[in-house]
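What follows is the content of my_file_8.csv (CSV, C-alpha atoms and all ligand atoms).
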chain,number,residue,atom,x,y,z
A,1,MET,CA,39.9,12.9,24.8
A,2,SER,CA,40.4,15.6,22.3
A,3,ARG,CA,43.7,14.1,21.2
A,4,ASN,CA,42.0,10.8,20.5
A,5,TYR,CA,39.3,12.6,18.6
A,6,ARG,CA,41.8,14.5,16.5
A,7,ARG,CA,43.9,11.4,15.9
A,8,GLY,CA,40.7,9.6,14.8
A,9,ARG,CA,40.0,12.4,12.3
A,10,LYS,CA,43.6,12.4,11.1
A,11,LYS,CA,43.1,9.0,9.6
A,12,SER,CA,40.4,10.3,7.3
A,13,THR,CA,41.4,13.3,5.2
A,14,THR,CA,44.5,15.5,5.7
A,15,PRO,CA,42.9,18.8,4.4
A,16,TYR,CA,40.1,18.4,6.9
A,17,ILE,CA,42.5,17.7,9.6
A,18,ILE,CA,44.6,20.7,8.7
A,19,GLY,CA,41.4,22.8,8.7
A,20,ILE,CA,40.3,21.4,12.0
A,21,LEU,CA,43.8,22.0,13.5
A,22,ILE,CA,43.7,25.6,12.3
A,23,LEU,CA,40.2,26.0,13.8
A,24,VAL,CA,41.3,24.4,17.1
A,25,ALA,CA,44.5,26.5,17.2
A,26,ALA,CA,42.5,29.6,16.5
A,27,ALA,CA,39.9,28.7,19.2
A,28,ALA,CA,42.7,27.9,21.7
A,29,LEU,CA,44.4,31.2,20.9
A,30,SER,CA,41.1,33.1,21.3
A,31,ILE,CA,40.3,31.3,24.5
A,32,ARG,CA,43.9,32.2,25.8
A,33,GLY,CA,43.2,35.7,24.7
A,34,VAL,CA,40.0,35.9,26.6
A,35,LEU,CA,41.5,34.3,29.7
A,36,GLY,CA,44.5,36.6,29.3
A,37,HIS,CA,42.3,39.7,29.3
A,38,ALA,CA,40.2,38.4,32.1
A,39,LYS,CA,43.2,37.7,34.2
A,40,ASP,CA,45.1,40.9,33.6
A,41,PRO,CA,42.8,43.4,35.3
A,42,SER,CA,42.2,41.1,38.3
A,43,ALA,CA,46.0,40.8,38.7
A,44,ALA,CA,46.3,44.5,38.4
A,45,ALA,CA,43.6,45.0,41.0
A,46,VAL,CA,45.3,42.7,43.4
A,47,ASN,CA,48.6,44.4,42.9
A,48,HIS,CA,46.9,47.8,43.3
A,49,GLN,CA,45.2,46.9,46.6
A,50,THR,CA,48.0,45.2,48.3
A,51,PRO,CA,50.4,48.1,48.6
A,52,SER,CA,47.7,50.6,49.6
A,53,ALA,CA,46.5,48.3,52.4
A,54,GLU,CA,50.1,47.9,53.6
A,55,SER,CA,50.9,51.6,53.4
A,56,SER,CA,51.2,54.1,56.3
A,57,PRO,CA,48.3,54.6,58.8
A,58,SER,CA,47.5,58.1,57.5
A,59,ASN,CA,46.6,56.5,54.1
A,60,ALA,CA,44.2,54.2,55.9
A,61,VAL,CA,41.8,57.0,56.5
A,62,PRO,CA,39.4,56.8,53.6
A,63,PRO,CA,38.4,60.0,51.9
A,64,ALA,CA,34.9,61.0,53.0
A,65,ILE,CA,33.2,61.5,49.6
A,66,SER,CA,34.4,58.3,48.0
A,67,SER,CA,33.7,56.3,51.2
A,68,PRO,CA,30.4,57.2,52.8
A,69,ASP,CA,30.2,53.9,54.7
A,70,PRO,CA,30.9,53.9,58.4
A,71,VAL,CA,34.4,53.0,59.5
A,72,SER,CA,35.0,51.2,62.7
A,73,ALA,CA,37.8,52.0,65.3
A,74,GLY,CA,38.1,50.9,68.9
A,75,GLY,CA,34.6,49.3,68.8
A,76,ILE,CA,32.9,52.6,67.7
A,77,GLU,CA,31.5,53.2,64.2
A,78,TYR,CA,32.3,56.6,62.7
A,79,VAL,CA,30.9,58.4,59.7
A,80,ALA,CA,32.5,61.2,57.7
A,81,VAL,CA,30.5,64.4,57.5
A,82,GLU,CA,31.3,67.6,55.6
A,83,LYS,CA,31.3,70.8,57.7
A,84,PRO,CA,31.1,74.3,56.4
A,85,GLN,CA,34.3,76.3,56.6
A,86,GLU,CA,32.8,78.9,59.0
A,87,GLU,CA,32.1,76.2,61.6
A,88,ILE,CA,35.9,76.0,62.1
A,89,TYR,CA,35.7,79.4,63.8
A,90,LYS,CA,33.0,78.3,66.4
A,91,GLY,CA,32.9,76.2,69.5
A,92,ASN,CA,34.3,75.9,73.0
A,93,LEU,CA,37.8,75.0,71.9
A,94,ILE,CA,38.5,77.9,69.5
A,95,LEU,CA,42.0,79.3,69.9
A,96,VAL,CA,41.8,83.1,69.9
A,97,ASN,CA,45.1,85.0,70.1
A,98,LYS,CA,47.3,87.5,68.2
A,99,ASP,CA,47.7,85.0,65.3
A,100,HIS,CA,44.1,83.8,65.2
A,101,ALA,CA,41.6,86.5,65.4
A,102,TYR,CA,38.0,85.8,66.4
A,103,LYS,CA,35.6,85.6,63.5
A,104,PHE,CA,32.6,87.3,64.9
A,105,SER,CA,29.3,85.4,64.4
A,106,ASP,CA,26.1,84.8,66.2
A,107,ALA,CA,27.1,81.3,67.1
A,108,VAL,CA,27.5,82.0,70.8
A,109,LYS,CA,24.2,82.5,72.6
A,110,LEU,CA,24.9,85.6,74.8
A,111,VAL,CA,22.8,86.1,78.0
A,112,ASN,CA,22.8,88.7,80.7
A,113,LEU,CA,25.1,87.7,83.5
A,114,TYR,CA,23.3,89.6,86.3
A,115,ASP,CA,20.0,88.0,85.4
A,116,GLY,CA,21.3,84.5,85.2
A,117,LYS,CA,24.0,84.4,87.9
A,118,ALA,CA,23.9,82.3,91.1
A,119,SER,CA,24.0,84.2,94.5
A,120,SER,CA,27.4,82.8,95.3
A,121,TYR,CA,29.3,85.7,93.5
A,122,LYS,CA,28.7,89.2,92.4
A,123,VAL,CA,29.0,91.3,89.2
A,124,SER,CA,30.5,94.7,88.8
A,125,ASP,CA,28.0,95.8,86.1
A,126,THR,CA,24.5,94.7,85.5
A,127,ASP,CA,25.0,95.0,81.7
A,128,ILE,CA,27.7,92.3,81.4
A,129,LYS,CA,26.9,89.6,78.8
A,130,ILE,CA,28.3,86.1,78.7
A,131,GLY,CA,27.9,82.9,76.7
A,132,SER,CA,25.0,80.8,78.1
A,133,GLU,CA,27.1,77.6,78.5
A,134,THR,CA,29.9,79.6,80.2
A,135,LEU,CA,27.3,81.1,82.6
A,136,LYS,CA,26.0,77.7,83.7
A,137,ALA,CA,29.5,76.4,84.4
A,138,LEU,CA,30.4,79.6,86.2
A,139,ASN,CA,27.4,79.2,88.5
A,140,LYS,CA,28.5,75.7,89.4
A,141,LEU,CA,32.1,76.8,90.0
A,142,PHE,CA,31.1,79.6,92.4
A,143,ASP,CA,28.4,77.6,94.2
A,144,ALA,CA,31.2,75.0,94.9
A,145,PHE,CA,33.6,77.7,96.0
A,146,TYR,CA,31.0,79.2,98.3
A,147,ALA,CA,30.1,75.8,99.8
A,148,GLN,CA,33.8,75.2,100.4
A,149,THR,CA,34.9,78.6,101.8
A,150,GLY,CA,31.8,80.7,102.6
A,151,VAL,CA,33.3,83.4,100.5
A,152,GLY,CA,30.7,85.1,98.3
A,153,ASN,CA,32.3,88.4,97.4
A,154,THR,CA,34.2,87.5,94.2
A,155,TYR,CA,33.2,89.8,91.3
A,156,ILE,CA,33.0,89.1,87.7
A,157,ILE,CA,34.3,92.4,86.3
A,158,SER,CA,34.3,91.4,82.6
A,159,ALA,CA,33.0,88.6,80.3
A,160,TYR,CA,31.8,89.2,76.7
A,161,ARG,CA,33.2,92.2,74.9
A,162,SER,CA,32.2,93.6,71.6
A,163,TYR,CA,34.9,94.7,69.1
A,164,ASP,CA,34.2,98.4,69.9
A,165,ARG,CA,34.5,97.7,73.7
A,166,GLN,CA,37.9,96.0,73.2
A,167,GLN,CA,39.0,98.8,70.9
A,168,ALA,CA,38.3,101.4,73.6
A,169,LEU,CA,40.2,99.3,76.2
A,170,TYR,CA,43.1,98.8,73.9
A,171,GLN,CA,43.4,102.5,73.0
A,172,ARG,CA,43.3,103.4,76.7
A,173,GLU,CA,46.1,101.0,77.3
A,174,VAL,CA,48.1,102.4,74.3
A,175,ALA,CA,47.7,105.9,75.8
A,176,GLU,CA,49.0,104.7,79.2
A,177,LYS,CA,51.8,102.3,78.2
A,178,GLY,CA,52.5,103.0,74.5
A,179,GLU,CA,51.9,100.8,71.4
A,180,SER,CA,54.6,98.2,72.0
A,181,GLU,CA,53.7,97.4,75.6
A,182,ALA,CA,49.9,97.7,75.3
A,183,ALA,CA,49.1,94.4,73.6
A,184,TYR,CA,50.9,92.5,76.3
A,185,TRP,CA,48.3,93.7,78.8
A,186,VAL,CA,45.2,94.2,76.6
A,187,ALA,CA,44.6,92.2,73.5
A,188,LYS,CA,44.2,94.1,70.2
A,189,PRO,CA,40.5,94.3,69.2
A,190,GLY,CA,39.5,91.1,67.3
A,191,THR,CA,42.2,89.0,69.1
A,192,SER,CA,40.7,89.0,72.6
A,193,GLU,CA,39.1,85.9,74.1
A,194,HIS,CA,36.5,88.1,75.6
A,195,HIS,CA,34.8,88.4,72.2
A,196,THR,CA,33.9,84.7,72.4
A,197,GLY,CA,31.7,84.8,75.5
A,198,LEU,CA,33.9,82.0,76.9
A,199,ALA,CA,36.1,84.1,79.1
A,200,VAL,CA,35.6,86.0,82.4
A,201,ASP,CA,37.8,88.2,84.5
A,202,LEU,CA,37.5,88.2,88.3
A,203,GLY,CA,38.0,91.2,90.6
A,204,LEU,CA,37.6,92.1,94.3
A,205,PHE,CA,36.1,95.0,96.0
A,206,ASP,CA,36.6,95.7,99.7
A,207,SER,CA,33.9,96.9,102.1
A,208,SER,CA,34.7,100.5,101.3
A,209,GLY,CA,34.1,99.8,97.7
A,210,ALA,CA,37.8,100.0,96.7
A,211,TYR,CA,38.8,97.7,93.8
A,212,HIS,CA,41.5,95.1,94.3
A,213,GLU,CA,43.1,93.1,91.5
A,214,TYR,CA,42.3,89.4,91.8
A,215,ASP,CA,45.5,87.4,92.1
A,216,GLY,CA,44.1,83.9,93.0
A,217,SER,CA,46.0,83.8,96.3
A,218,GLY,CA,44.9,82.8,99.8
A,219,LYS,CA,41.3,81.5,100.1
A,220,TYR,CA,40.8,82.4,96.4
A,221,SER,CA,43.5,79.9,95.4
A,222,TRP,CA,40.8,77.2,95.5
A,223,ILE,CA,39.2,78.8,92.4
A,224,ASN,CA,42.4,78.7,90.4
A,225,GLN,CA,43.2,75.2,91.4
A,226,SER,CA,39.8,73.7,91.1
A,227,CYS,CA,38.3,75.6,88.2
A,228,TYR,CA,39.1,72.8,85.7
A,229,LYS,CA,36.5,70.5,87.4
A,230,TYR,CA,33.9,73.0,86.2
A,231,GLY,CA,35.4,73.4,82.7
A,232,PHE,CA,37.6,76.5,83.2
A,233,VAL,CA,41.4,77.1,82.9
A,234,VAL,CA,43.7,79.9,83.9
A,235,ARG,CA,44.3,80.9,80.4
A,236,TYR,CA,47.5,83.0,80.7
A,237,ARG,CA,49.9,81.1,82.9
A,238,GLU,CA,53.0,82.7,84.4
A,239,ASP,CA,55.3,80.0,82.8
A,240,LYS,CA,53.7,80.4,79.3
A,241,LYS,CA,54.2,84.1,78.6
A,242,ASN,CA,56.7,83.3,75.9
A,243,ILE,CA,54.0,81.4,74.1
A,244,THR,CA,50.8,83.4,74.7
A,245,TYR,CA,52.5,86.8,74.5
A,246,ILE,CA,50.1,87.9,77.3
A,247,ALA,CA,51.1,88.7,80.8
A,248,TYR,CA,50.3,86.4,83.7
A,249,GLU,CA,46.6,86.9,84.4
A,250,PRO,CA,45.5,84.9,87.4
A,251,TRP,CA,42.1,86.6,87.1
A,252,HIS,CA,41.3,85.5,83.5
A,253,PHE,CA,39.4,82.2,83.1
A,254,ARG,CA,38.6,80.5,79.9
A,255,TYR,CA,35.8,78.0,79.5
A,256,LEU,CA,36.8,74.9,77.5
A,257,GLY,CA,34.4,72.3,79.0
A,258,ILE,CA,35.3,69.8,81.7
A,259,PRO,CA,37.3,67.1,79.8
A,260,HIS,CA,39.6,69.6,78.0
A,261,ALA,CA,40.0,71.9,81.0
A,262,THR,CA,41.0,68.8,83.0
A,263,GLN,CA,43.5,67.6,80.5
A,264,LEU,CA,45.1,71.0,79.8
A,265,SER,CA,45.4,71.6,83.6
A,266,LYS,CA,46.9,68.2,84.2
A,267,LEU,CA,49.5,68.8,81.5
A,268,LYS,CA,50.1,72.5,82.6
A,269,LEU,CA,49.9,73.7,79.0
A,270,SER,CA,48.9,76.9,77.3
A,271,LEU,CA,45.9,76.6,75.1
A,272,GLU,CA,48.2,77.2,72.1
A,273,GLU,CA,50.2,74.1,73.1
A,274,TYR,CA,47.1,72.1,73.9
A,275,ILE,CA,45.5,72.7,70.5
A,276,GLU,CA,48.7,71.8,68.9
A,277,LEU,CA,48.9,68.6,70.9
A,278,LEU,CA,45.4,67.5,69.9
A,279,ARG,CA,46.6,67.5,66.2
A,280,SER,CA,48.4,64.2,66.9
A,281,TYR,CA,45.2,62.3,67.7
A,282,SER,CA,42.7,60.9,65.2
A,283,TYR,CA,39.5,59.0,65.5
A,284,ASP,CA,41.3,55.7,65.2
A,285,LYS,CA,43.9,56.8,67.7
A,286,PRO,CA,42.1,59.2,70.1
A,287,LEU,CA,43.4,60.9,73.2
A,288,LYS,CA,41.7,59.4,76.3
A,289,ILE,CA,40.8,61.8,79.0
A,290,THR,CA,39.6,60.8,82.5
A,291,THR,CA,37.9,63.5,84.5
A,292,ASP,CA,37.9,63.7,88.3
A,293,ASP,CA,34.4,62.1,88.5
A,294,GLY,CA,35.8,59.0,86.7
A,295,SER,CA,34.2,59.8,83.3
A,296,VAL,CA,36.2,58.8,80.3
A,297,TYR,CA,36.3,60.8,77.1
A,298,ASN,CA,37.9,60.2,73.7
A,299,THR,CA,39.0,63.2,71.8
A,300,TYR,CA,40.7,63.7,68.4
A,301,PHE,CA,41.4,66.2,65.7
A,302,CYS,CA,40.1,66.3,62.1
A,303,LYS,CA,41.9,68.6,59.7
A,304,GLY,CA,39.8,70.5,57.2
A,305,GLN,CA,36.1,70.2,56.7
A,306,THR,CA,35.7,66.4,56.6
A,307,VAL,CA,35.0,65.3,60.2
A,308,TYR,CA,34.7,61.8,61.5
A,309,VAL,CA,31.9,61.6,64.1
A,310,PRO,CA,30.4,58.7,66.0
A,311,LYS,CA,27.6,57.1,64.0
A,312,ASN,CA,25.6,56.6,67.2
A,313,GLY,CA,25.6,58.5,70.5
A,314,ASP,CA,26.4,62.0,71.6
A,315,TYR,CA,29.6,63.9,70.9
A,316,GLU,CA,30.8,67.5,71.1
A,317,LEU,CA,32.2,69.2,68.1
A,318,SER,CA,34.3,72.4,68.1
A,319,GLY,CA,36.3,74.2,65.6
A,320,ASN,CA,39.9,75.1,66.6
A,321,ASN,CA,39.7,78.6,64.9
A,322,VAL,CA,42.7,77.6,62.7
A,323,ASP,CA,42.2,74.7,60.3
A,324,GLY,CA,39.9,71.9,61.6
A,325,PHE,CA,37.7,70.3,64.2
A,326,ILE,CA,38.0,68.7,67.6
A,327,VAL,CA,35.6,65.9,68.4
A,328,THR,CA,34.9,64.8,72.0
A,329,LEU,CA,32.8,61.9,73.0
A,330,LYS,CA,32.1,60.3,76.4
A,331,VAL,CA,33.0,56.6,76.3
A,332,SER,CA,32.2,55.7,79.9
B,1,ZN,ZN,40.4,88.8,80.6
Please express what this file holds, its structure, as structure tokens.
Ligand SMILES: [Zn+2]
Amino acid sequence: MSRNYRRGRKKSTTPYIIGILILVAAAALSIRGVLGHAKDPSAAAVNHQTPSAESSPSNAVPPAISSPDPVSAGGIEYVAVEKPQEEIYKGNLILVNKDHAYKFSDAVKLVNLYDGKASSYKVSDTDIKIGSETLKALNKLFDAFYAQTGVGNTYIISAYRSYDRQQALYQREVAEKGESEAAYWVAKPGTSEHHTGLAVDLGLFDSSGAYHEYDGSGKYSWINQSCYKYGFVVRYREDKKNITYIAYEPWHFRYLGIPHATQLSKLKLSLEEYIELLRSYSYDKPLKITTDDGSVYNTYFCKGQTVYVPKNGDYELSGNNVDGFIVTLKVS
């Protein structure tokens, strides 16, 4: 059409035709220019998106601030939330040891153990304090132990300890055993799990009132073997002394909550190893935990302060006392 038109005009006057040709050429060039510009960025955008979509799974996690929209994984929608740094040092799964001291805060609600305890066990001191969630779980554990064995004379001899209390215990140990040996038996102040309100020590007293160390043997072995069902673990295992740098303590129980106590016990790990293991799980690739009652939980780690949490439904969040958060949600 345009060719016929130009040819038609060619027959009239040459200067006109030359002028028109120049105009047509200029128009064509400018159109090509516009198209060229329009095309370049889109091509660049396509090229830009393709490799990033094909890159490693770790790159698939969108940064929280630039992507506030929910992301979906395993049929669950997650949203990214920003948590304050100090939250990393709070929660049921905090790792407290010689390398990761407890950051004292008022996060744990402390209650009086004697006032709140069930009748299925005893306390050595009416002033002992304990975390409220730990106490509830402890009551369930000892009610079950009593129902199973009829034994009701187990004592809680220690739970929450202030920094000053731990300092006094540690100095006594140093005086008895010397500096190099002491920390193996009593944690240095600041590095004891007893600061958290999540740990308890058991002890025994005979009818004459004489104290006996609790070793978890005989009828008491039920406690050490079944405590995970109530959210507790034997924190300092015989076979993990080279990792915990703490002597075997069959009397020291740490509350973690039922799913994590179950998984840690099943894997026979120290808490140090377990917290490390959780690092390899993310919201789109969670660890599945099945508890003895058939409940199924998903759990995963989020490094730093950006935490992916389910958009709907309940979940539990705990810092690891090192560098991030562990999310736990019941899926069935
Ligand atoms: Zn202890």
If we count only C-alpha atoms, what is near Leu135 of chain A at a cut-off of 9 Å, once residues fewer than 4 positions away on the same chain are taken out, given as a list in words? Val111, Leu113, Gly116, Lys117, Ile130, Gly131, Asn139, Lys140 and Leu198 of chain A
How many Å lie between atom CA of Phe232 of chain A and atom CA of Gly203 of chain A, rounded to one decimal?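 For atom CA of Phe232 of chain A relative to atom CA of Gly203 of chain A, the distance reads 16.5 Å.
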Of the listed residues A:Tyr102, A:Tyr114, A:Tyr248, A:Trp222, that which approaches ligand ZN 1 (chain B) most closely, counting all atoms listed in the file: A:Tyr248
Neighbouring residues of Leu256 of chain A were defined as those with any atom within 7 Å, considering all atoms listed in the file; residues of the same chain fewer than 4 positions away were excluded. Please report them as a ChimeraX atom specification. /A:92-93,231-232,260-261
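For the set A:Thr134, A:Gln167, A:Ser270, A:Thr196, the residue with the smallest atom-to-atom gap to Tyr89 of chain A is A:Thr196, counting only C-alpha atoms.
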Spatial neighbours of Ile246 of chain A, 12 Å, only C-alpha atoms, chain gap at least 5 places, as a PyMOL selection string: chain A and resi 97-98+181-188+191-193+235-241+252+270
With C-alpha atoms kept, could you save the residues just selected as a CSV table (one decimal), keeping the file's coordinate frame?
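The resulting file, out03.csv, is reproduced below:
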chain,number,residue,atom,x,y,z
A,97,ASN,CA,45.1,85.0,70.1
A,98,LYS,CA,47.3,87.5,68.2
A,181,GLU,CA,53.7,97.4,75.6
A,182,ALA,CA,49.9,97.7,75.3
A,183,ALA,CA,49.1,94.4,73.6
A,184,TYR,CA,50.9,92.5,76.3
A,185,TRP,CA,48.3,93.7,78.8
A,186,VAL,CA,45.2,94.2,76.6
A,187,ALA,CA,44.6,92.2,73.5
A,188,LYS,CA,44.2,94.1,70.2
A,191,THR,CA,42.2,89.0,69.1
A,192,SER,CA,40.7,89.0,72.6
A,193,GLU,CA,39.1,85.9,74.1
A,235,ARG,CA,44.3,80.9,80.4
A,236,TYR,CA,47.5,83.0,80.7
A,237,ARG,CA,49.9,81.1,82.9
A,238,GLU,CA,53.0,82.7,84.4
A,239,ASP,CA,55.3,80.0,82.8
A,240,LYS,CA,53.7,80.4,79.3
A,241,LYS,CA,54.2,84.1,78.6
A,252,HIS,CA,41.3,85.5,83.5
A,270,SER,CA,48.9,76.9,77.3
Give the residue list for ligand ZN 1 (chain B) at 7 Å, counting all atoms listed in the file, as a compact mmCIF listing (two decimals) with C-alpha atoms, keeping the file's coordinate frame, sorted by chain and then by residue number.
# COMPACT_ATOMS: atom_id res chain seq x y z
CA SER A 158 34.30 91.40 82.60
CA HIS A 194 36.50 88.10 75.60
CA ALA A 199 36.10 84.10 79.10
CA VAL A 200 35.60 86.00 82.40
CA ASP A 201 37.80 88.20 84.50
CA HIS A 252 41.30 85.50 83.50
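Note that atom CA of Gly304 of chain A and atom CA of Phe325 of chain A are 7.3 Å apart.
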What gap, in Å, lies between atom CA of Ala159 of chain A and atom CA of Thr126 of chain A? 11.7 Å
Selected residue of minimal separation from Leu202 of chain A among A:Asp284, A:Glu249, A:Asp69, A:Glu179, counting only C-alpha atoms: A:Glu249
Out of A:Ile156, A:Cys302, A:Val327, A:Ile223, which residue has the shortest atom-to-atom distance to Asp314 of chain A when counting only C-alpha atoms?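 When distances to Asp314 of chain A are compared using only C-alpha atoms, the smallest one comes from A:Val327.
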Taking only C-alpha atoms into account, name the residue in A:Asn298, A:Thr291, A:Thr244, A:Thr154 that is nearest to Glu272 of chain A.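 That would be A:Thr244, the residue with the smallest distance to Glu272 of chain A.
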Missing atoms in segment 243-259 of chain A need filling: write out N, CA and C atoms for it as an mmCIF file, in the frame of the given file.
data_model
loop_
_atom_site.group_PDB
_atom_site.id
_atom_site.type_symbol
_atom_site.label_atom_id
_atom_site.label_comp_id
_atom_site.auth_asym_id
_atom_site.auth_seq_id
_atom_site.Cartn_x
_atom_site.Cartn_y
_atom_site.Cartn_z
ATOM 1 N N ILE A 243 54.817 82.003 75.107
ATOM 2 C CA ILE A 243 54.000 81.400 74.100
ATOM 3 C C ILE A 243 52.716 82.163 73.829
ATOM 4 N N THR A 244 52.089 82.649 74.907
ATOM 5 C CA THR A 244 50.800 83.400 74.700
ATOM 6 C C THR A 244 51.050 84.854 74.369
ATOM 7 N N TYR A 245 52.229 85.379 74.702
ATOM 8 C CA TYR A 245 52.500 86.800 74.500
ATOM 9 C C TYR A 245 51.554 87.684 75.279
ATOM 10 N N ILE A 246 51.048 87.115 76.366
ATOM 11 C CA ILE A 246 50.100 87.900 77.300
ATOM 12 C C ILE A 246 50.707 87.686 78.679
ATOM 13 N N ALA A 247 50.636 88.767 79.460
ATOM 14 C CA ALA A 247 51.100 88.700 80.800
ATOM 15 C C ALA A 247 50.378 87.683 81.656
ATOM 16 N N TYR A 248 50.987 87.270 82.743
ATOM 17 C CA TYR A 248 50.300 86.400 83.700
ATOM 18 C C TYR A 248 49.029 87.016 84.151
ATOM 19 N N GLU A 249 47.905 86.310 83.967
ATOM 20 C CA GLU A 249 46.600 86.900 84.400
ATOM 21 C C GLU A 249 45.864 85.869 85.212
ATOM 22 N N PRO A 250 46.139 85.849 86.530
ATOM 23 C CA PRO A 250 45.500 84.900 87.400
ATOM 24 C C PRO A 250 43.958 85.123 87.496
ATOM 25 N N TRP A 251 43.487 86.256 86.984
ATOM 26 C CA TRP A 251 42.100 86.600 87.100
ATOM 27 C C TRP A 251 41.280 86.230 85.815
ATOM 28 N N HIS A 252 41.971 85.811 84.759
ATOM 29 C CA HIS A 252 41.300 85.500 83.500
ATOM 30 C C HIS A 252 41.082 84.038 83.316
ATOM 31 N N PHE A 253 39.813 83.658 83.254
ATOM 32 C CA PHE A 253 39.400 82.200 83.100
ATOM 33 C C PHE A 253 38.765 82.010 81.795
ATOM 34 N N ARG A 254 39.119 80.888 81.190
ATOM 35 C CA ARG A 254 38.600 80.500 79.900
ATOM 36 C C ARG A 254 37.804 79.236 80.011
ATOM 37 N N TYR A 255 36.600 79.234 79.483
ATOM 38 C CA TYR A 255 35.800 78.000 79.500
ATOM 39 C C TYR A 255 36.175 77.123 78.307
ATOM 40 N N LEU A 256 36.423 75.835 78.595
ATOM 41 C CA LEU A 256 36.800 74.900 77.500
ATOM 42 C C LEU A 256 35.837 73.625 77.623
ATOM 43 N N GLY A 257 35.080 73.515 78.706
ATOM 44 C CA GLY A 257 34.400 72.300 79.000
ATOM 45 C C GLY A 257 35.218 71.383 79.878
ATOM 46 N N ILE A 258 34.584 70.530 80.650
ATOM 47 C CA ILE A 258 35.300 69.800 81.700
ATOM 48 C C ILE A 258 36.417 68.868 81.179
ATOM 49 N N PRO A 259 36.166 68.036 80.171
ATOM 50 C CA PRO A 259 37.300 67.100 79.800
ATOM 51 C C PRO A 259 38.539 67.863 79.330
#
